[in-house]
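Data block for work_32.txt (compact mmCIF, C-alpha atoms and all ligand atoms):
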```txt
# COMPACT_ATOMS: atom_id res chain seq x y z
CA MET A 1 13.15 -7.24 22.69
CA LYS A 2 10.24 -4.82 23.27
CA ILE A 3 9.05 -2.68 20.39
CA LEU A 4 6.65 0.26 20.65
CA ALA A 5 4.66 0.28 17.40
CA ILE A 6 2.47 2.98 15.89
CA GLU A 7 -0.14 2.62 13.12
CA SER A 8 -2.02 5.54 11.51
CA SER A 9 -2.35 4.62 7.83
CA CYS A 10 -6.13 4.98 7.58
CA ASP A 11 -8.84 5.70 10.15
CA GLU A 12 -7.46 3.93 13.21
CA THR A 13 -4.91 5.55 15.51
CA ALA A 14 -3.18 2.61 17.15
CA ALA A 15 -0.19 1.85 19.34
CA ALA A 16 1.12 -1.36 20.88
CA VAL A 17 4.05 -2.86 22.73
CA VAL A 18 5.14 -6.22 21.31
CA GLU A 19 7.86 -8.52 22.59
CA ASP A 20 10.09 -10.50 20.20
CA GLY A 21 7.57 -10.28 17.41
CA ARG A 22 5.21 -12.77 19.03
CA LYS A 23 3.84 -11.50 22.34
CA VAL A 24 1.41 -8.60 22.65
CA CYS A 25 2.16 -6.68 25.88
CA SER A 26 -0.44 -4.02 25.04
CA SER A 27 -2.58 -2.85 22.16
CA VAL A 28 -4.67 0.32 21.99
CA ILE A 29 -6.89 1.22 19.02
CA ASN A 30 -8.77 4.48 18.65
CA THR A 31 -11.16 4.15 15.73
CA GLN A 32 -12.67 7.09 13.86
CA VAL A 33 -15.17 4.95 11.98
CA ALA A 34 -18.28 6.59 13.48
CA GLU A 35 -17.17 10.00 12.21
CA HIS A 36 -16.30 8.83 8.68
CA ARG A 37 -19.58 6.89 8.46
CA LYS A 38 -21.43 10.22 8.14
CA TYR A 39 -19.65 10.76 4.80
CA GLY A 40 -19.97 7.18 3.50
CA GLY A 41 -16.20 6.63 3.56
CA VAL A 42 -12.91 7.80 5.03
CA VAL A 43 -12.33 11.55 4.59
CA PRO A 44 -8.52 11.79 4.45
CA GLU A 45 -8.18 15.26 5.96
CA ILE A 46 -10.44 14.41 8.89
CA ALA A 47 -8.42 11.22 9.44
CA SER A 48 -5.15 13.20 9.65
CA ARG A 49 -6.63 15.70 12.07
CA ARG A 50 -8.01 13.00 14.37
CA HIS A 51 -4.66 11.16 14.36
CA THR A 52 -2.96 14.41 15.38
CA GLU A 53 -5.42 14.88 18.24
CA ASN A 54 -5.30 11.27 19.48
CA ILE A 55 -1.81 9.97 18.94
CA VAL A 56 -0.22 11.20 22.18
CA GLN A 57 -2.93 9.59 24.32
CA VAL A 58 -2.99 6.37 22.32
CA VAL A 59 0.78 5.88 22.58
CA GLN A 60 0.78 6.72 26.28
CA GLY A 61 -2.09 4.27 26.75
CA ALA A 62 -0.09 1.48 25.07
CA LEU A 63 2.95 2.19 27.26
CA ASP A 64 0.81 2.29 30.43
CA GLU A 65 -1.04 -0.91 29.54
CA ALA A 66 2.31 -2.66 29.01
CA GLY A 67 3.57 -1.27 32.32
CA CYS A 68 6.57 0.42 30.76
CA ALA A 69 8.00 3.84 30.08
CA LEU A 70 9.40 4.98 26.75
CA GLY A 71 12.91 4.35 28.10
CA ASP A 72 12.06 0.67 28.65
CA VAL A 73 11.34 -0.16 25.00
CA ASP A 74 14.15 -1.16 22.66
CA ALA A 75 12.86 0.41 19.45
CA VAL A 76 10.07 2.49 17.93
CA ALA A 77 8.28 1.09 14.86
CA VAL A 78 5.82 2.82 12.59
CA THR A 79 3.72 2.11 9.50
CA ALA A 80 5.44 4.20 6.83
CA ALA A 81 3.52 2.94 3.75
CA PRO A 82 1.09 2.39 2.09
CA GLY A 83 -1.97 4.37 3.14
CA LEU A 84 -3.43 7.87 3.22
CA ILE A 85 -0.39 10.11 3.05
CA GLY A 86 -1.58 12.75 5.53
CA ALA A 87 -2.57 10.02 7.99
CA LEU A 88 0.74 8.16 7.63
CA LEU A 89 2.75 11.36 8.13
CA VAL A 90 1.22 11.90 11.57
CA GLY A 91 2.43 8.50 12.78
CA VAL A 92 5.80 8.72 11.06
CA ASN A 93 6.58 12.15 12.49
CA TYR A 94 5.46 11.20 15.97
CA ALA A 95 7.53 8.01 15.87
CA LYS A 96 10.54 10.01 14.73
CA GLY A 97 10.12 12.44 17.62
CA LEU A 98 9.95 9.55 20.11
CA ALA A 99 12.95 7.75 18.58
CA MET A 100 14.99 10.94 18.61
CA ALA A 101 14.05 11.98 22.14
CA ALA A 102 14.61 8.53 23.66
CA HIS A 103 17.62 7.57 21.47
CA LYS A 104 15.87 4.48 20.13
CA PRO A 105 16.19 2.85 16.70
CA LEU A 106 13.37 3.68 14.28
CA ILE A 107 11.85 0.78 12.30
CA PRO A 108 9.62 1.50 9.28
CA VAL A 109 7.03 -1.17 8.52
CA HIS A 110 4.97 -1.85 5.39
CA HIS A 111 1.29 -1.97 6.38
CA ILE A 112 0.54 -5.17 4.44
CA ARG A 113 3.62 -6.91 5.83
CA GLY A 114 2.10 -5.99 9.19
CA HIS A 115 -1.27 -7.55 8.31
CA ILE A 116 0.50 -10.81 7.43
CA ALA A 117 2.51 -10.66 10.68
CA ALA A 118 -0.74 -10.49 12.72
CA ASN A 119 -0.72 -14.26 12.26
CA TYR A 120 2.59 -14.60 14.13
CA LEU A 121 0.97 -13.12 17.23
CA ALA A 122 -1.73 -15.78 17.33
CA HIS A 123 0.17 -18.78 15.97
CA PRO A 124 3.56 -19.40 17.61
CA ASP A 125 4.15 -22.34 15.25
CA LEU A 126 3.63 -20.34 12.04
CA LYS A 127 6.89 -19.67 10.20
CA PRO A 128 7.58 -18.85 6.55
CA PRO A 129 7.39 -20.15 3.92
CA PHE A 130 3.63 -20.01 3.46
CA LEU A 131 1.07 -18.65 1.03
CA CYS A 132 -1.05 -15.74 2.27
CA LEU A 133 -4.32 -14.31 0.98
CA VAL A 134 -4.19 -10.61 1.86
CA VAL A 135 -7.62 -9.00 1.67
CA SER A 136 -8.08 -5.50 3.06
CA GLY A 137 -9.83 -2.26 2.16
CA GLY A 138 -6.98 -1.31 -0.15
CA HIS A 139 -5.35 -4.59 -1.21
CA SER A 140 -6.14 -8.04 -2.56
CA HIS A 141 -2.96 -10.04 -2.95
CA ILE A 142 -1.91 -13.65 -3.12
CA VAL A 143 1.53 -13.44 -1.54
CA GLU A 144 4.19 -16.09 -1.31
CA VAL A 145 5.84 -15.32 2.05
CA ARG A 146 9.27 -16.85 1.41
CA ASP A 147 10.79 -15.52 4.60
CA TYR A 148 9.89 -12.93 7.26
CA THR A 149 11.07 -10.10 4.99
CA ASP A 150 11.01 -11.82 1.59
CA TYR A 151 7.78 -11.73 -0.41
CA HIS A 152 6.67 -12.57 -3.90
CA VAL A 153 3.28 -11.30 -5.08
CA LEU A 154 1.67 -13.95 -7.29
CA GLY A 155 -1.68 -12.25 -7.80
CA ARG A 156 -3.16 -8.84 -7.22
CA THR A 157 -6.34 -6.94 -8.03
CA ARG A 158 -6.49 -5.05 -11.30
CA ASP A 159 -9.16 -2.65 -10.00
CA ASP A 160 -11.08 -2.67 -6.69
CA ALA A 161 -9.68 -4.40 -3.62
CA ALA A 162 -11.85 -7.06 -1.97
CA GLY A 163 -12.76 -4.76 0.93
CA GLU A 164 -13.59 -1.98 -1.52
CA ALA A 165 -15.88 -4.36 -3.43
CA PHE A 166 -17.60 -5.30 -0.16
CA ASP A 167 -17.96 -1.65 0.91
CA LYS A 168 -19.15 -0.31 -2.48
CA SER A 169 -21.65 -3.14 -2.95
CA ALA A 170 -22.84 -2.72 0.64
CA ARG A 171 -23.39 0.97 0.02
CA ALA A 172 -25.51 0.18 -3.04
CA MET A 173 -27.55 -2.22 -0.89
CA GLY A 174 -28.13 0.58 1.64
CA PHE A 175 -25.73 -0.46 4.40
CA PRO A 176 -23.66 2.18 6.23
CA TYR A 177 -19.87 2.46 5.86
CA PRO A 178 -17.87 0.25 6.25
CA GLY A 179 -20.30 -2.23 4.77
CA GLY A 180 -18.21 -5.42 4.77
CA VAL A 181 -19.34 -6.43 8.21
CA SER A 182 -23.01 -5.59 7.38
CA ILE A 183 -22.88 -7.87 4.33
CA ASP A 184 -21.39 -10.61 6.51
CA ARG A 185 -24.26 -10.25 9.00
CA ALA A 186 -27.04 -10.03 6.39
CA ALA A 187 -25.57 -12.96 4.43
CA GLN A 188 -26.19 -15.25 7.37
CA LYS A 189 -29.94 -14.72 6.95
CA GLY A 190 -30.05 -14.99 3.15
CA ASP A 191 -30.08 -17.60 0.39
CA ASP A 192 -26.65 -17.44 -1.27
CA ARG A 193 -27.94 -19.04 -4.50
CA MET A 194 -30.82 -16.60 -5.11
CA TYR A 195 -28.90 -14.18 -7.34
CA LYS A 196 -26.40 -15.17 -10.01
CA LEU A 197 -23.47 -12.76 -10.15
CA PRO A 198 -20.50 -12.80 -12.56
CA LYS A 199 -17.02 -14.00 -11.72
CA PRO A 200 -14.82 -11.69 -13.78
CA ARG A 201 -11.57 -13.23 -15.02
CA VAL A 202 -8.36 -11.38 -15.78
CA GLU A 203 -7.09 -12.33 -19.20
CA GLY A 204 -3.58 -13.70 -19.25
CA SER A 205 -3.33 -14.13 -15.51
CA LEU A 206 -4.29 -17.11 -13.41
CA TYR A 207 -4.08 -15.44 -10.03
CA ASP A 208 -5.00 -11.76 -10.54
CA PHE A 209 -8.40 -10.48 -9.43
CA SER A 210 -10.92 -8.04 -10.90
CA PHE A 211 -13.83 -7.06 -8.70
CA SER A 212 -15.23 -3.91 -10.31
CA GLY A 213 -17.47 -5.98 -12.64
CA LEU A 214 -18.94 -7.81 -9.67
CA LYS A 215 -19.72 -4.53 -7.91
CA THR A 216 -21.28 -3.14 -11.12
CA ALA A 217 -23.41 -6.29 -11.46
CA VAL A 218 -24.77 -5.72 -7.94
CA ILE A 219 -25.57 -2.07 -8.75
CA ASN A 220 -27.25 -3.01 -12.08
CA LEU A 221 -29.29 -5.74 -10.43
CA LEU A 222 -30.54 -3.27 -7.82
CA HIS A 223 -31.44 -0.65 -10.49
CA ASN A 224 -33.17 -3.13 -12.79
CA THR A 225 -35.19 -4.60 -9.96
CA GLU A 226 -36.24 -1.13 -8.81
CA GLN A 227 -37.19 -0.08 -12.36
CA LYS A 228 -39.42 -3.13 -12.70
CA GLY A 229 -41.09 -2.17 -9.44
CA GLU A 230 -39.98 -5.44 -7.86
CA SER A 231 -38.43 -5.77 -4.45
CA ILE A 232 -35.02 -7.16 -3.70
CA ASP A 233 -34.21 -9.67 -0.99
CA THR A 234 -31.25 -7.78 0.47
CA ASP A 235 -30.15 -10.61 2.75
CA SER A 236 -30.02 -12.99 -0.21
CA LEU A 237 -28.22 -10.45 -2.39
CA ALA A 238 -25.65 -9.99 0.39
CA ALA A 239 -25.32 -13.78 0.69
CA SER A 240 -25.00 -14.25 -3.10
CA PHE A 241 -22.41 -11.47 -3.33
CA GLN A 242 -20.41 -12.87 -0.41
CA ARG A 243 -20.48 -16.40 -1.80
CA THR A 244 -19.33 -15.17 -5.23
CA ILE A 245 -16.43 -13.03 -4.00
CA CYS A 246 -15.28 -15.69 -1.53
CA GLU A 247 -15.36 -18.35 -4.27
CA ILE A 248 -13.21 -16.13 -6.49
CA LEU A 249 -10.70 -15.43 -3.71
CA VAL A 250 -10.40 -19.02 -2.55
CA ASP A 251 -10.36 -20.55 -6.06
CA HIS A 252 -7.43 -18.32 -7.06
CA LEU A 253 -5.61 -19.10 -3.83
CA GLU A 254 -6.19 -22.83 -4.31
CA ALA A 255 -4.76 -22.65 -7.83
CA ALA A 256 -1.68 -20.79 -6.59
CA ALA A 257 -1.12 -23.26 -3.74
CA ARG A 258 -1.44 -26.20 -6.12
CA ASP A 259 0.93 -24.71 -8.72
CA LEU A 260 3.51 -23.77 -6.08
CA GLY A 261 3.16 -26.96 -4.10
CA CYS A 262 2.61 -24.85 -0.99
CA ARG A 263 0.83 -26.67 1.86
CA THR A 264 0.72 -23.91 4.48
CA ILE A 265 -1.91 -21.22 4.00
CA ALA A 266 -2.70 -18.02 5.89
CA ALA A 267 -5.06 -15.09 5.47
CA ALA A 268 -4.71 -11.46 6.52
CA GLY A 269 -6.43 -8.07 6.41
CA GLY A 270 -9.85 -6.71 7.35
CA VAL A 271 -11.80 -8.99 4.98
CA SER A 272 -10.21 -12.08 6.56
CA ALA A 273 -12.73 -11.45 9.38
CA ASN A 274 -15.51 -12.44 6.98
CA SER A 275 -17.25 -15.56 8.23
CA GLY A 276 -18.03 -16.86 4.73
CA LEU A 277 -14.41 -16.47 3.66
CA ARG A 278 -13.10 -18.18 6.79
CA ARG A 279 -15.46 -21.11 6.27
CA ARG A 280 -14.55 -21.47 2.62
CA LEU A 281 -10.82 -21.31 3.41
CA GLU A 282 -11.28 -24.01 6.05
CA GLU A 283 -13.13 -26.24 3.57
CA MET A 284 -10.55 -25.73 0.81
CA CYS A 285 -7.62 -26.42 3.15
CA ALA A 286 -9.31 -29.45 4.72
CA SER A 287 -10.05 -30.99 1.30
CA ASN A 288 -6.43 -30.54 0.17
CA GLY A 289 -4.80 -31.44 3.48
CA TYR A 290 -3.29 -27.95 3.84
CA GLU A 291 -2.55 -26.36 7.19
CA LEU A 292 -4.53 -23.12 7.62
CA PHE A 293 -3.70 -20.14 9.85
CA LEU A 294 -6.27 -17.38 10.33
CA PRO A 295 -5.75 -14.23 12.38
CA PRO A 296 -8.14 -13.91 15.36
CA LEU A 297 -10.95 -11.45 14.60
CA ALA A 298 -9.38 -8.78 16.83
CA LEU A 299 -6.22 -8.80 14.70
CA CYS A 300 -7.85 -8.82 11.23
CA GLY A 301 -8.48 -5.07 11.04
CA ASP A 302 -5.93 -2.31 11.49
CA ASN A 303 -3.95 -2.43 14.73
CA ALA A 304 -0.43 -1.63 15.87
CA ALA A 305 0.38 -5.03 17.41
CA MET A 306 0.79 -6.46 13.89
CA ILE A 307 3.22 -3.62 13.09
CA GLY A 308 5.23 -4.42 16.23
CA ALA A 309 5.32 -8.10 15.22
CA GLN A 310 6.67 -7.39 11.74
CA ALA A 311 9.08 -4.71 13.07
CA TYR A 312 10.88 -7.37 15.10
CA TYR A 313 11.73 -9.32 11.93
CA GLU A 314 12.57 -6.15 9.98
CA GLN A 315 15.20 -5.09 12.53
CA LEU A 316 16.76 -8.56 12.50
CA LYS A 317 17.39 -8.11 8.79
CA TYR A 318 17.83 -4.37 8.16
CA PRO A 319 19.51 -1.40 9.89
CA PRO A 320 17.22 1.22 11.49
CA ALA A 321 15.83 4.08 9.39
CA GLY A 322 17.36 7.54 9.50
CA LEU A 323 15.44 10.47 10.95
CA ASP A 324 14.82 11.61 7.38
CA LEU A 325 12.37 8.70 6.95
CA ASN A 326 9.38 9.70 4.84
CA ALA A 327 5.94 8.15 4.40
CA ALA A 328 4.67 6.85 1.04
CA ALA A 329 1.06 6.53 -0.09
CA SER A 330 1.87 3.50 -2.20
CA LYS A 331 4.65 0.97 -1.99
CA ASP A 332 5.09 -2.59 -3.17
CA ILE A 333 5.29 -5.19 -0.42
CA GLU A 334 8.33 -6.76 -2.08
CA THR A 335 10.63 -3.73 -1.78
CA GLN A 336 12.43 -2.59 1.36
CA PHE A 337 12.37 0.97 2.75
O1 LIG A 401 -7.36 -4.21 6.80
P1 LIG A 401 -8.40 -3.18 7.03
O2 LIG A 401 -8.90 -2.95 8.43
O3 LIG A 401 -7.94 -1.79 6.50
C1 LIG A 401 -7.15 -1.63 5.36
O4 LIG A 401 -5.91 -1.81 5.45
O5 LIG A 401 -7.77 -1.35 4.31
O6 LIG A 401 -9.62 -3.58 6.08
C2 LIG A 401 -10.81 -2.86 6.08
C3 LIG A 401 -11.78 -3.57 5.16
C4 LIG A 401 -13.05 -2.77 4.91
O7 LIG A 401 -13.29 -2.76 3.51
C5 LIG A 401 -14.12 -3.56 5.65
O8 LIG A 401 -15.41 -3.46 5.09
C6 LIG A 401 -13.59 -4.96 5.53
O9 LIG A 401 -12.20 -4.81 5.75
N1 LIG A 401 -14.19 -5.87 6.53
C7 LIG A 401 -14.97 -6.92 6.18
C8 LIG A 401 -15.38 -7.53 7.40
N2 LIG A 401 -14.82 -6.84 8.43
C9 LIG A 401 -14.08 -5.83 7.87
N3 LIG A 401 -15.37 -7.36 4.98
C10 LIG A 401 -16.16 -8.44 4.95
N4 LIG A 401 -16.61 -9.08 6.07
C11 LIG A 401 -16.24 -8.68 7.29
N5 LIG A 401 -16.67 -9.31 8.37
ZN ZN A 402 -5.07 -2.48 6.94
```

For the structure just supplied, provide its representation as structure tokens.
Ligand code: KG4
Ligand code: ZN
Amino acid sequence: MKILAIESSCDETAAAVVEDGRKVCSSVINTQVAEHRKYGGVVPEIASRRHTENIVQVVQGALDEAGCALGDVDAVAVTAAPGLIGALLVGVNYAKGLAMAAHKPLIPVHHIRGHIAANYLAHPDLKPPFLCLVVSGGHSHIVEVRDYTDYHVLGRTRDDAAGEAFDKSARAMGFPYPGGVSIDRAAQKGDDRMYKLPKPRVEGSLYDFSFSGLKTAVINLLHNTEQKGESIDTDSLAASFQRTICEILVDHLEAAARDLGCRTIAAAGGVSANSGLRRRLEEMCASNGYELFLPPLALCGDNAAMIGAQAYYEQLKYPPAGLDLNAAASKDIETQF
């Protein structure tokens, strides 16, 4: 079964053709990051406008690259939640138009379910159940993936998402948006023990995260150092920050895996591209004898192939959406459309 998938939840306009949830026939990503960088973050209205301008070309590009016409695909899938509402609406409406014109079923996909499904594209042997650390610009979840469409969130962030913590701390250190990748690069040149940063705990919860205190500690450290007229070793601050946040993420995940008795681990989302996090996950899984699945770097960030992968499993379980499908800015991963 071939699915044409569309993703427009943030600042990437993307389309892909995916076969049976596992094989990428094509994947096209048009990123707006250079434009948003000028403003230090994603400007929602600009994102919507760029999606509107680019979506026709991006979808046509994905069909061409896969060597098929719209009539050749079996269904149209689209990210319907969560994300920037104006951005999501562009993709949802375009997908509806295509589904209606070509008489194809319409499959709504949850963006975070898509991030998790990116792993299916790279790992043919990965099947639920497994435990997944989802770390993106908007989410930090420890998710028990019980089945392809059955999820239980064990832990979530109470404030900033991991990617947000990376980006806000990076901004304070003087890196351009999105700063996660700059921290990753700088960290490789720094001493990750030079600065001691806090590891905030969430009272009453073993698995939940809180990152705003960590970000504030970075900002305070920078201000205090500047006020004293001292200079900061930015590479070492980046390395210390990265080590701290990765320790928090992996320690919580390790506790959840131990308590659940889960021996198969995966990661997903933009931050799963982080080299420090990948290394730490590998060490933790090796020391416990767990099997680890990581998405390839090209599938960590936003793309439509992951939406096409998840859409395959959604349509096995649920009927197609009606043409009155709406987008939602927020939506729990556990609930169905
Ligand atoms: O999953 P994603 O592409 O978009 C959302 O769904 O939010 O995640 C984007 C986030 C950004 O915060 C970005 O800084 C972060 O992923 N990111 C990284 C790295 N690459 C992307 N963070 C740390 N290290 C990286 N190498
Ligand atoms: Zn994403």

Contacts of segment 148-178 of chain A with segment 108-129 of chain A up to 12 Å, shortest pair per row, only C-alpha atoms, as CSV:
```
residue,atom,partner,partner_atom,distance
A:Tyr148,CA,A:Pro128,CA,6.4
A:Thr149,CA,A:Arg113,CA,8.1
A:Asp150,CA,A:Pro128,CA,9.3
A:Tyr151,CA,A:Arg113,CA,8.9
A:His152,CA,A:Pro129,CA,10.9
A:Val153,CA,A:Ile112,CA,11.6
```

Next on the checklist: Which residues are near ligand ZN 402 (chain A) - at most 6 Å, using all atoms listed in the file? Format: as a count of residues only.
Outcome noted: 4

Next on the checklist: To check your reading of the model: which residues sit at most 6 Å from ligand LIG 401 (chain A) when counting only C-alpha atoms and all ligand atoms? Write the answer as a ChimeraX atom specification.
Outcome noted: /A:136-138,163-164,166-167,178-181,184,269-271,273-274,301-302

File of the preceding selection, C-alpha atoms, as a tab-separated table (two decimals), keeping the file's coordinate frame:
```tsv
chain	number	residue	atom	x	y	z
A	136	SER	CA	-8.08	-5.50	3.06
A	137	GLY	CA	-9.83	-2.26	2.16
A	138	GLY	CA	-6.98	-1.31	-0.15
A	163	GLY	CA	-12.76	-4.76	0.93
A	164	GLU	CA	-13.59	-1.98	-1.52
A	166	PHE	CA	-17.60	-5.30	-0.16
A	167	ASP	CA	-17.96	-1.65	0.91
A	178	PRO	CA	-17.87	0.25	6.25
A	179	GLY	CA	-20.30	-2.23	4.77
A	180	GLY	CA	-18.21	-5.42	4.77
A	181	VAL	CA	-19.34	-6.43	8.21
A	184	ASP	CA	-21.39	-10.61	6.51
A	269	GLY	CA	-6.43	-8.07	6.41
A	270	GLY	CA	-9.85	-6.71	7.35
A	271	VAL	CA	-11.80	-8.99	4.98
A	273	ALA	CA	-12.73	-11.45	9.38
A	274	ASN	CA	-15.51	-12.44	6.98
A	301	GLY	CA	-8.48	-5.07	11.04
A	302	ASP	CA	-5.93	-2.31	11.49
```

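Put simply, atom CA of Glu282 of chain A is 16.4 Å away from atom CA of Cys300 of chain A.
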
Item to check | Two-atom distance - atom CA of Thr335 of chain A, atom CA of Asp208 of chain A (Å) | outcome: 19.6 Å

Checklist entry - Please, what distance in Å, to one decimal, runs between atom CA of Gly174 of chain A and atom CA of Ser236 of chain A? => result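 Pair atom CA of Gly174 of chain A / atom CA of Ser236 of chain A returns 13.8 Å.
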
Checklist entry - Pick the closest to Val92 of chain A from A:Gly41, A:Glu7, A:Thr244, A:Leu297: which is it, counting all atoms listed in the file? => result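 Of all the options, A:Glu7 lies closest to Val92 of chain A.
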
Next on the checklist: Residues within 12 Å of segment 195-207 of chain A, please, as a ChimeraX atom specification. Count all atoms listed in the file; anything in the same chain fewer than 4 positions from it doesn't count.
Outcome noted: /A:133,140-143,153-159,190-191,211-222,225,232-260

Item to check | His51 of chain A environment, 12 Å, only C-alpha atoms, sequence neighbours closer than 3 positions dropped, as number ranges by chain | outcome: A: 6-15, 29-32, 44-48, 54-59, 84, 86-94

Checklist entry - Could you pull the residues within 6 Å of Ile265 of chain A, counting all atoms listed in the file, minus those fewer than 5 positions along the same chain, as a list of chain:residue names? => result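 The contact residues come out as A:Phe130, A:Leu131, A:Cys132, A:Leu292.
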
Next on the checklist: Which residue is closest to Thr79 of chain A? Choose from A:Arg49, A:Lys96, A:His139, A:Arg279 and count only C-alpha atoms.
Outcome noted: A:Lys96

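Among the candidate residues A:Val78, A:Leu4, A:Val135, A:Ala321, the one lying nearest to Arg278 of chain A is A:Val135, with distances computed using only C-alpha atoms.
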
Item to check | Nearest to Glu314 of chain A, chosen from A:Pro82, A:Pro296, A:Gly21, A:Pro176, with all atoms listed in the file counted in the distances | outcome: A:Gly21

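Of the listed residues A:Asp74, A:Glu283, A:Glu35, A:Glu53, the one whose atoms come nearest to Val18 of chain A is A:Asp74, with distances taken using all atoms listed in the file.
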